[in-house]
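One file, query-v9.pdb, carrying PDB, C-alpha atoms, pLDDT in the B column:
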```pdb
ATOM      1  CA  ALA A 815     124.565  58.344 151.861  1.00 75.00           C
ATOM      2  CA  GLN A 816     123.659  61.572 153.582  1.00 82.00           C
ATOM      3  CA  SER A 817     120.507  62.876 155.186  1.00 89.00           C
ATOM      4  CA  VAL A 818     119.383  65.837 157.237  1.00 93.00           C
ATOM      5  CA  THR A 819     116.562  66.112 159.737  1.00 94.00           C
ATOM      6  CA  GLN A 820     115.300  69.430 161.011  1.00 95.00           C
ATOM      7  CA  LEU A 821     113.273  69.027 164.160  1.00 93.00           C
ATOM      8  CA  GLY A 822     110.234  71.262 164.103  1.00 91.00           C
ATOM      9  CA  SER A 823     108.718  72.607 160.913  1.00 92.00           C
ATOM     10  CA  HIS A 824     107.631  75.751 162.759  1.00 95.00           C
ATOM     11  CA  VAL A 825     109.331  77.625 165.587  1.00 97.00           C
ATOM     12  CA  SER A 826     107.817  80.684 167.199  1.00 97.00           C
ATOM     13  CA  VAL A 827     109.705  83.030 169.523  1.00 97.00           C
ATOM     14  CA  SER A 828     109.216  86.460 171.009  1.00 97.00           C
ATOM     15  CA  GLU A 829     111.375  89.356 169.921  1.00 97.00           C
ATOM     16  CA  GLY A 830     114.505  89.375 172.056  1.00 97.00           C
ATOM     17  CA  ALA A 831     114.248  85.693 172.941  1.00 98.00           C
ATOM     18  CA  LEU A 832     116.738  82.976 172.114  1.00 98.00           C
ATOM     19  CA  VAL A 833     116.399  81.323 168.714  1.00 98.00           C
ATOM     20  CA  LEU A 834     117.220  77.617 168.485  1.00 98.00           C
ATOM     21  CA  LEU A 835     116.678  75.717 165.255  1.00 98.00           C
ATOM     22  CA  ARG A 836     117.642  72.058 165.376  1.00 98.00           C
ATOM     23  CA  CYS A 837     119.436  70.069 162.715  1.00 97.00           C
ATOM     24  CA  ASN A 838     120.724  66.511 162.867  1.00 96.00           C
ATOM     25  CA  TYR A 839     122.608  64.883 160.053  1.00 94.00           C
ATOM     26  CA  SER A 840     123.682  61.476 158.906  1.00 90.00           C
ATOM     27  CA  SER A 841     126.789  61.041 156.794  1.00 82.00           C
ATOM     28  CA  SER A 842     129.112  58.175 156.006  1.00 75.00           C
ATOM     29  CA  VAL A 843     131.985  60.576 155.352  1.00 75.00           C
ATOM     30  CA  PRO A 844     133.145  63.739 157.133  1.00 75.00           C
ATOM     31  CA  PRO A 845     130.432  66.249 156.356  1.00 83.00           C
ATOM     32  CA  TYR A 846     130.334  69.863 155.435  1.00 88.00           C
ATOM     33  CA  LEU A 847     127.245  71.506 156.892  1.00 91.00           C
ATOM     34  CA  PHE A 848     125.371  74.612 155.882  1.00 92.00           C
ATOM     35  CA  TRP A 849     122.517  76.762 157.071  1.00 95.00           C
ATOM     36  CA  TYR A 850     120.556  78.721 154.498  1.00 94.00           C
ATOM     37  CA  VAL A 851     117.818  81.293 155.039  1.00 94.00           C
ATOM     38  CA  GLN A 852     114.991  82.106 152.663  1.00 90.00           C
ATOM     39  CA  TYR A 853     113.044  85.319 153.043  1.00 89.00           C
ATOM     40  CA  PRO A 854     109.670  85.620 151.290  1.00 83.00           C
ATOM     41  CA  ASN A 855     109.986  85.935 147.522  1.00 77.00           C
ATOM     42  CA  GLN A 856     113.770  85.612 147.644  1.00 81.00           C
ATOM     43  CA  GLY A 857     116.293  82.869 146.942  1.00 81.00           C
ATOM     44  CA  LEU A 858     118.135  80.881 149.583  1.00 86.00           C
ATOM     45  CA  GLN A 859     121.029  82.785 151.138  1.00 89.00           C
ATOM     46  CA  LEU A 860     123.974  81.196 152.900  1.00 89.00           C
ATOM     47  CA  LEU A 861     123.959  81.998 156.630  1.00 93.00           C
ATOM     48  CA  LEU A 862     126.999  80.012 157.681  1.00 92.00           C
ATOM     49  CA  LYS A 863     128.924  76.847 157.005  1.00 89.00           C
ATOM     50  CA  TYR A 864     130.986  74.282 158.868  1.00 88.00           C
ATOM     51  CA  THR A 865     134.033  73.070 156.983  1.00 80.00           C
ATOM     52  CA  SER A 866     135.990  71.077 159.582  1.00 74.00           C
ATOM     53  CA  ALA A 867     137.841  74.013 161.133  1.00 74.00           C
ATOM     54  CA  ALA A 868     136.337  75.495 164.316  1.00 83.00           C
ATOM     55  CA  THR A 869     133.312  73.627 165.599  1.00 89.00           C
ATOM     56  CA  LEU A 870     131.550  76.861 166.557  1.00 94.00           C
ATOM     57  CA  VAL A 871     130.749  78.752 163.414  1.00 93.00           C
ATOM     58  CA  LYS A 872     129.608  82.352 163.291  1.00 94.00           C
ATOM     59  CA  GLY A 873     127.479  83.552 160.429  1.00 93.00           C
ATOM     60  CA  ILE A 874     125.716  86.656 159.293  1.00 92.00           C
ATOM     61  CA  ASN A 875     123.047  88.556 161.234  1.00 93.00           C
ATOM     62  CA  GLY A 876     124.252  87.303 164.616  1.00 96.00           C
ATOM     63  CA  PHE A 877     123.574  83.619 163.964  1.00 97.00           C
ATOM     64  CA  GLU A 878     125.933  80.866 164.954  1.00 97.00           C
ATOM     65  CA  ALA A 879     125.950  77.090 164.901  1.00 97.00           C
ATOM     66  CA  GLU A 880     127.940  74.432 166.704  1.00 95.00           C
ATOM     67  CA  PHE A 881     129.055  71.190 165.119  1.00 93.00           C
ATOM     68  CA  LYS A 882     128.793  68.315 167.590  1.00 93.00           C
ATOM     69  CA  LYS A 883     130.077  65.114 166.080  1.00 90.00           C
ATOM     70  CA  SER A 884     129.051  62.967 169.040  1.00 91.00           C
ATOM     71  CA  GLU A 885     125.465  64.137 168.683  1.00 93.00           C
ATOM     72  CA  THR A 886     125.561  64.410 164.858  1.00 93.00           C
ATOM     73  CA  SER A 887     124.013  67.842 165.294  1.00 95.00           C
ATOM     74  CA  PHE A 888     124.477  71.304 163.845  1.00 96.00           C
ATOM     75  CA  HIS A 889     121.899  73.452 165.640  1.00 97.00           C
ATOM     76  CA  LEU A 890     121.483  77.102 164.697  1.00 98.00           C
ATOM     77  CA  THR A 891     121.190  79.718 167.430  1.00 98.00           C
ATOM     78  CA  LYS A 892     120.845  83.439 167.902  1.00 98.00           C
ATOM     79  CA  PRO A 893     120.850  85.000 171.396  1.00 97.00           C
ATOM     80  CA  SER A 894     118.181  87.599 170.691  1.00 97.00           C
ATOM     81  CA  ALA A 895     115.572  87.316 167.962  1.00 97.00           C
ATOM     82  CA  HIS A 896     114.675  90.255 165.804  1.00 97.00           C
ATOM     83  CA  MET A 897     111.522  90.710 163.781  1.00 96.00           C
ATOM     84  CA  SER A 898     113.608  90.673 160.611  1.00 95.00           C
ATOM     85  CA  ASP A 899     114.731  87.107 161.394  1.00 96.00           C
ATOM     86  CA  ALA A 900     111.323  85.747 160.417  1.00 96.00           C
ATOM     87  CA  ALA A 901     112.010  83.448 157.482  1.00 96.00           C
ATOM     88  CA  GLU A 902     112.429  79.806 156.535  1.00 94.00           C
ATOM     89  CA  TYR A 903     115.703  78.162 157.457  1.00 96.00           C
ATOM     90  CA  PHE A 904     117.257  75.141 155.795  1.00 95.00           C
ATOM     91  CA  CYS A 905     120.057  72.926 157.029  1.00 96.00           C
ATOM     92  CA  ALA A 906     122.096  71.105 154.379  1.00 93.00           C
ATOM     93  CA  VAL A 907     124.989  68.632 154.200  1.00 91.00           C
ATOM     94  CA  SER A 908     127.509  67.814 151.523  1.00 85.00           C
ATOM     95  CA  ARG A 909     130.762  65.995 151.170  1.00 74.00           C
ATOM     96  CA  ALA A 910     134.153  67.523 151.774  1.00 68.00           C
ATOM     97  CA  ASN A 911     137.194  67.165 149.609  1.00 65.00           C
ATOM     98  CA  ALA A 912     140.830  66.955 150.605  1.00 61.00           C
ATOM     99  CA  GLY A 913     141.344  70.562 149.649  1.00 64.00           C
ATOM    100  CA  GLY A 914     138.993  71.795 152.351  1.00 61.00           C
ATOM    101  CA  THR A 915     136.044  72.778 150.235  1.00 65.00           C
ATOM    102  CA  SER A 916     132.565  71.433 149.806  1.00 67.00           C
ATOM    103  CA  TYR A 917     131.696  69.605 146.640  1.00 67.00           C
ATOM    104  CA  GLY A 918     129.012  67.383 145.287  1.00 70.00           C
ATOM    105  CA  LYS A 919     125.327  67.427 145.914  1.00 78.00           C
ATOM    106  CA  LEU A 920     123.724  69.285 148.777  1.00 85.00           C
ATOM    107  CA  THR A 921     121.157  67.326 150.746  1.00 89.00           C
ATOM    108  CA  PHE A 922     118.616  69.559 152.468  1.00 92.00           C
ATOM    109  CA  GLY A 923     116.441  69.245 155.507  1.00 93.00           C
ATOM    110  CA  GLN A 924     112.722  69.948 155.381  1.00 92.00           C
ATOM    111  CA  GLY A 925     113.062  73.526 156.486  1.00 93.00           C
ATOM    112  CA  THR A 926     111.945  75.345 159.628  1.00 96.00           C
ATOM    113  CA  ILE A 927     109.752  78.410 159.480  1.00 95.00           C
ATOM    114  CA  LEU A 928     110.717  80.901 162.167  1.00 97.00           C
ATOM    115  CA  THR A 929     108.061  83.321 163.375  1.00 97.00           C
ATOM    116  CA  VAL A 930     109.022  86.226 165.626  1.00 97.00           C
ATOM    117  CA  HIS A 931     106.328  87.850 167.746  1.00 96.00           C
ATOM    118  CA  PRO A 932     106.548  91.437 169.016  1.00 94.00           C
TER     119      PRO A 932
ATOM    120  CA  GLY B  32     126.632  89.075 146.427  1.00 63.00           C
ATOM    121  CA  ALA B  33     126.013  87.047 143.317  1.00 70.00           C
ATOM    122  CA  VAL B  34     122.477  87.119 141.937  1.00 88.00           C
ATOM    123  CA  VAL B  35     120.497  84.346 140.333  1.00 92.00           C
ATOM    124  CA  SER B  36     117.280  85.366 138.637  1.00 93.00           C
ATOM    125  CA  GLN B  37     114.500  82.819 138.210  1.00 95.00           C
ATOM    126  CA  HIS B  38     111.437  83.510 136.094  1.00 95.00           C
ATOM    127  CA  PRO B  39     108.514  83.276 136.346  1.00 96.00           C
ATOM    128  CA  SER B  40     107.919  83.341 140.082  1.00 93.00           C
ATOM    129  CA  ARG B  41     104.479  81.840 139.704  1.00 95.00           C
ATOM    130  CA  VAL B  42     102.707  80.084 136.854  1.00 97.00           C
ATOM    131  CA  ILE B  43      99.315  78.477 136.512  1.00 97.00           C
ATOM    132  CA  CYS B  44      98.669  76.262 133.523  1.00 95.00           C
ATOM    133  CA  LYS B  45      96.188  73.753 132.199  1.00 96.00           C
ATOM    134  CA  SER B  46      96.885  70.043 132.313  1.00 96.00           C
ATOM    135  CA  GLY B  47      98.677  68.860 129.176  1.00 96.00           C
ATOM    136  CA  THR B  48     100.486  72.100 128.436  1.00 96.00           C
ATOM    137  CA  SER B  49     104.210  72.718 128.728  1.00 97.00           C
ATOM    138  CA  VAL B  50     105.827  75.277 130.984  1.00 97.00           C
ATOM    139  CA  LYS B  51     109.313  76.750 130.717  1.00 97.00           C
ATOM    140  CA  ILE B  52     111.205  78.124 133.716  1.00 97.00           C
ATOM    141  CA  GLU B  53     114.348  80.205 133.262  1.00 97.00           C
ATOM    142  CA  CYS B  54     117.324  80.512 135.558  1.00 96.00           C
ATOM    143  CA  ARG B  55     119.939  83.191 134.911  1.00 95.00           C
ATOM    144  CA  SER B  56     123.151  84.045 136.690  1.00 94.00           C
ATOM    145  CA  LEU B  57     123.276  87.826 136.412  1.00 93.00           C
ATOM    146  CA  ASP B  58     126.818  88.698 137.411  1.00 90.00           C
ATOM    147  CA  PHE B  59     128.866  85.532 137.072  1.00 91.00           C
ATOM    148  CA  GLN B  60     129.353  82.592 134.787  1.00 91.00           C
ATOM    149  CA  ALA B  61     127.788  79.417 136.083  1.00 90.00           C
ATOM    150  CA  THR B  62     129.511  76.282 134.898  1.00 84.00           C
ATOM    151  CA  THR B  63     126.945  74.191 136.715  1.00 89.00           C
ATOM    152  CA  MET B  64     123.287  74.763 137.499  1.00 92.00           C
ATOM    153  CA  PHE B  65     121.001  72.639 139.628  1.00 92.00           C
ATOM    154  CA  TRP B  66     117.243  72.205 139.606  1.00 95.00           C
ATOM    155  CA  TYR B  67     115.347  71.325 142.774  1.00 94.00           C
ATOM    156  CA  ARG B  68     111.714  70.575 143.519  1.00 94.00           C
ATOM    157  CA  GLN B  69     110.049  71.171 146.852  1.00 88.00           C
ATOM    158  CA  PHE B  70     106.700  69.759 147.856  1.00 84.00           C
ATOM    159  CA  PRO B  71     104.862  71.340 150.802  1.00 79.00           C
ATOM    160  CA  LYS B  72     106.482  70.562 154.148  1.00 75.00           C
ATOM    161  CA  GLN B  73     109.227  68.563 152.468  1.00 80.00           C
ATOM    162  CA  SER B  74     112.861  69.276 151.770  1.00 83.00           C
ATOM    163  CA  LEU B  75     114.354  70.490 148.525  1.00 87.00           C
ATOM    164  CA  MET B  76     114.931  67.468 146.314  1.00 90.00           C
ATOM    165  CA  LEU B  77     117.591  67.643 143.647  1.00 91.00           C
ATOM    166  CA  MET B  78     116.101  66.829 140.252  1.00 94.00           C
ATOM    167  CA  ALA B  79     119.055  67.284 137.933  1.00 93.00           C
ATOM    168  CA  THR B  80     122.498  68.755 137.487  1.00 90.00           C
ATOM    169  CA  SER B  81     123.179  70.729 134.353  1.00 89.00           C
ATOM    170  CA  ASN B  82     126.608  71.558 132.957  1.00 85.00           C
ATOM    171  CA  GLU B  83     126.954  74.130 130.217  1.00 83.00           C
ATOM    172  CA  GLY B  84     127.138  72.553 126.799  1.00 81.00           C
ATOM    173  CA  SER B  85     126.425  69.004 127.884  1.00 83.00           C
ATOM    174  CA  LYS B  86     123.434  66.868 128.747  1.00 87.00           C
ATOM    175  CA  ALA B  87     121.910  67.176 132.172  1.00 91.00           C
ATOM    176  CA  THR B  88     122.365  64.445 134.746  1.00 91.00           C
ATOM    177  CA  TYR B  89     119.067  63.424 136.295  1.00 94.00           C
ATOM    178  CA  GLU B  90     118.530  62.011 139.746  1.00 92.00           C
ATOM    179  CA  GLN B  91     116.981  58.621 140.151  1.00 92.00           C
ATOM    180  CA  GLY B  92     113.247  58.695 139.616  1.00 93.00           C
ATOM    181  CA  VAL B  93     113.194  61.951 137.662  1.00 95.00           C
ATOM    182  CA  GLU B  94     111.879  61.540 134.106  1.00 94.00           C
ATOM    183  CA  LYS B  95     114.243  63.252 131.707  1.00 93.00           C
ATOM    184  CA  ASP B  96     111.657  63.334 128.920  1.00 94.00           C
ATOM    185  CA  LYS B  97     109.212  65.117 131.175  1.00 96.00           C
ATOM    186  CA  PHE B  98     111.625  67.606 132.687  1.00 97.00           C
ATOM    187  CA  LEU B  99     113.723  68.931 129.831  1.00 96.00           C
ATOM    188  CA  ILE B 100     116.789  70.878 130.867  1.00 94.00           C
ATOM    189  CA  ASN B 101     118.815  73.069 128.579  1.00 91.00           C
ATOM    190  CA  HIS B 102     122.009  74.837 129.615  1.00 89.00           C
ATOM    191  CA  ALA B 103     123.047  76.483 126.390  1.00 81.00           C
ATOM    192  CA  SER B 104     125.136  79.262 127.855  1.00 89.00           C
ATOM    193  CA  LEU B 105     127.161  79.999 130.985  1.00 90.00           C
ATOM    194  CA  THR B 106     124.436  82.291 132.296  1.00 93.00           C
ATOM    195  CA  LEU B 107     121.192  80.563 131.383  1.00 94.00           C
ATOM    196  CA  SER B 108     119.550  77.242 132.116  1.00 94.00           C
ATOM    197  CA  THR B 109     115.930  76.378 131.392  1.00 95.00           C
ATOM    198  CA  LEU B 110     113.638  73.707 132.791  1.00 97.00           C
ATOM    199  CA  THR B 111     110.646  72.750 130.683  1.00 97.00           C
ATOM    200  CA  VAL B 112     107.901  70.715 132.283  1.00 97.00           C
ATOM    201  CA  THR B 113     106.310  68.944 129.341  1.00 97.00           C
ATOM    202  CA  SER B 114     102.676  67.849 129.278  1.00 96.00           C
ATOM    203  CA  ALA B 115     102.213  69.039 132.819  1.00 96.00           C
ATOM    204  CA  HIS B 116      99.769  67.267 135.112  1.00 96.00           C
ATOM    205  CA  PRO B 117      98.403  68.243 138.524  1.00 95.00           C
ATOM    206  CA  GLU B 118     100.941  66.004 140.271  1.00 94.00           C
ATOM    207  CA  ASP B 119     103.695  68.201 138.794  1.00 95.00           C
ATOM    208  CA  SER B 120     102.422  71.122 140.827  1.00 95.00           C
ATOM    209  CA  SER B 121     105.291  72.072 143.077  1.00 94.00           C
ATOM    210  CA  PHE B 122     107.856  74.718 143.938  1.00 92.00           C
ATOM    211  CA  TYR B 123     110.860  74.575 141.609  1.00 95.00           C
ATOM    212  CA  ILE B 124     114.159  76.210 142.597  1.00 94.00           C
ATOM    213  CA  CYS B 125     117.307  76.618 140.568  1.00 94.00           C
ATOM    214  CA  SER B 126     120.811  77.258 141.776  1.00 92.00           C
ATOM    215  CA  ALA B 127     123.951  78.271 139.954  1.00 92.00           C
ATOM    216  CA  ARG B 128     127.499  77.485 140.952  1.00 89.00           C
ATOM    217  CA  GLN B 129     130.520  79.565 140.098  1.00 85.00           C
ATOM    218  CA  GLY B 130     133.227  76.941 139.813  1.00 80.00           C
ATOM    219  CA  PRO B 131     133.318  73.433 141.279  1.00 77.00           C
ATOM    220  CA  TYR B 132     132.648  74.072 144.965  1.00 76.00           C
ATOM    221  CA  ASN B 133     129.466  74.697 146.953  1.00 74.00           C
ATOM    222  CA  GLU B 134     130.952  77.720 148.679  1.00 73.00           C
ATOM    223  CA  LYS B 135     130.027  79.574 145.490  1.00 79.00           C
ATOM    224  CA  LEU B 136     126.488  78.241 145.114  1.00 84.00           C
ATOM    225  CA  PHE B 137     123.669  80.752 144.683  1.00 89.00           C
ATOM    226  CA  PHE B 138     119.920  80.197 144.531  1.00 90.00           C
ATOM    227  CA  GLY B 139     117.057  81.627 142.553  1.00 91.00           C
ATOM    228  CA  SER B 140     113.869  82.711 144.291  1.00 90.00           C
ATOM    229  CA  GLY B 141     111.851  79.776 142.995  1.00 92.00           C
ATOM    230  CA  THR B 142     108.837  79.176 140.776  1.00 95.00           C
ATOM    231  CA  GLN B 143     105.488  78.015 142.102  1.00 94.00           C
ATOM    232  CA  LEU B 144     103.865  75.836 139.427  1.00 96.00           C
ATOM    233  CA  SER B 145     100.177  75.056 139.696  1.00 96.00           C
ATOM    234  CA  VAL B 146      98.679  72.692 137.127  1.00 96.00           C
ATOM    235  CA  LEU B 147      94.890  72.714 136.899  1.00 95.00           C
TER     236      LEU B 147
END
```

How does this structure look as structure tokens?
Amino acid sequence: AQSVTQLGSHVSVSEGALVLLRCNYSSSVPPYLFWYVQYPNQGLQLLLKYTSAATLVKGINGFEAEFKKSETSFHLTKPSAHMSDAAEYFCAVSRANAGGTSYGKLTFGQGTILTVHP
Amino acid sequence: GAVVSQHPSRVICKSGTSVKIECRSLDFQATTMFWYRQFPKQSLMLMATSNEGSKATYEQGVEKDKFLINHASLTLSTLTVTSAHPEDSSFYICSARQGPYNEKLFFGSGTQLSVL
């Protein structure tokens, strides 16, 4: 069984400040982990994914996330927030197959709404 | 990137009526489509998995006779909420997958259903 917990349903930062969105997972098998972003009136877009290669994963728009097995965490960070980063962010986990791709059902966290203040 | 169109974006209906939501993959063929439901402040919950030309697979606790899913072509899946009641009010999101792996999974923008 798999589960995802996102700590904090709302995060508010000032423009230029560090963004940190927390995600902890539970998985009985090696996980593949994803971060998605949803802008208002748009579908979820893939920000980045961890697929058992490098533990520090870089995504689009300056975001990155680090897989820490010992802490079962996959927190999302960005050094300097921009107004355009305001959106809802979802962490998700799925299973991995031997071929190095993600398959099966995605299990999502509750989402974190990021607000960026001028 | 790949585009998934979901329509309508918002619907309000009376209790007892049926509502159909469409999910289209605009520039790729989707062998598999997924339907999710999201209640306020909760995570996306997978309702069912739909493969083109075959019956949908429903998650535990999801009534297949209430949430009818049709995936008649490689670019279109529909979810029909039959005899809707206020407790069915929720945000419904579809996703379409190009091939067997989640690296090619794309989401629609969602449908907010309000049942009066």

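Against the coordinates shown, the PyMOL selection byres ((chain A and resi 848) around 8) returns A:Tyr846, A:Leu847, A:Trp849, A:Tyr850, A:Leu860, A:Leu861, A:Leu862, A:Lys863, A:Tyr864, A:Cys905, A:Ala906, A:Val907.
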
Write out, as an mmCIF file, in the frame of the given file, the residues just selected, with C-alpha atoms.
```
data_model
loop_
_atom_site.group_PDB
_atom_site.id
_atom_site.type_symbol
_atom_site.label_atom_id
_atom_site.label_comp_id
_atom_site.auth_asym_id
_atom_site.auth_seq_id
_atom_site.Cartn_x
_atom_site.Cartn_y
_atom_site.Cartn_z
ATOM 1 C CA TYR A 846 130.334 69.863 155.435
ATOM 2 C CA LEU A 847 127.245 71.506 156.892
ATOM 3 C CA TRP A 849 122.517 76.762 157.071
ATOM 4 C CA TYR A 850 120.556 78.721 154.498
ATOM 5 C CA LEU A 860 123.974 81.196 152.900
ATOM 6 C CA LEU A 861 123.959 81.998 156.630
ATOM 7 C CA LEU A 862 126.999 80.012 157.681
ATOM 8 C CA LYS A 863 128.924 76.847 157.005
ATOM 9 C CA TYR A 864 130.986 74.282 158.868
ATOM 10 C CA CYS A 905 120.057 72.926 157.029
ATOM 11 C CA ALA A 906 122.096 71.105 154.379
ATOM 12 C CA VAL A 907 124.989 68.632 154.200
#
```

Problem - From A:Gly822, A:Leu928, A:Ser908, A:Thr921, residue lying nearest Tyr132 in chain B [only C-alpha atoms] - result: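 Ranking A:Gly822, A:Leu928, A:Ser908, A:Thr921 by distance to Tyr132 in chain B, first place goes to A:Ser908.
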
Exercise for the section: Find the residues around Ser108 in chain B up to 6 Å (only C-alpha atoms counted), leave out those fewer than 4 positions away in its own chain, and share them as a PyMOL selection string. Expected result: chain B and resi 54+101-102

Exercise for the section: Would you write out, as a ChimeraX atom specification, every residue that the PyMOL selection byres ((chain B and resi 90) around 6) captures in this file? Expected result: /B:78-79,89,91,93

Practice task
Give me the result of the PyMOL selection byres ((chain B and resi 99) around 7) on this file, residue by residue, as a list in words.
Solution key: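 Applied to this file, the PyMOL selection byres ((chain B and resi 99) around 7) returns Lys95, Asp96, Lys97, Phe98, Ile100, Asn101, Leu110, Thr111 and Val112 of chain B.
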
Exercise for the section: May I ask you to extract the residues of chain A within 8 Å of chain B, using all atoms listed in the file, and to give them as a ChimeraX atom specification? Expected result: /A:823,855-859,915-918,921-925

Problem - Contact residues around range 875-882 of chain A with all atoms listed in the file at 9 Å, ignoring same-chain residues under 4 positions, as a list in words - result: Val833, Leu847, Trp849, Leu861, Leu862, Lys863, Tyr864, Ser866, Ala868, Thr869, Leu870, Val871, Thr886, Ser887, Phe888, His889, Leu890, Thr891, Lys892, Pro893, Ser894 and Asp899 of chain A

Practice task
Tell me, in Å to one decimal, how far CA of Ala61 in chain B is from CA of Phe904 in chain A.
Solution key: 22.8 Å

Practice task
Tell me, in Å to one decimal, how far CA of Ser104 in chain B is from CA of Leu144 in chain B.
Solution key: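 CA of Leu144 in chain B lies 24.5 Å from CA of Ser104 in chain B.
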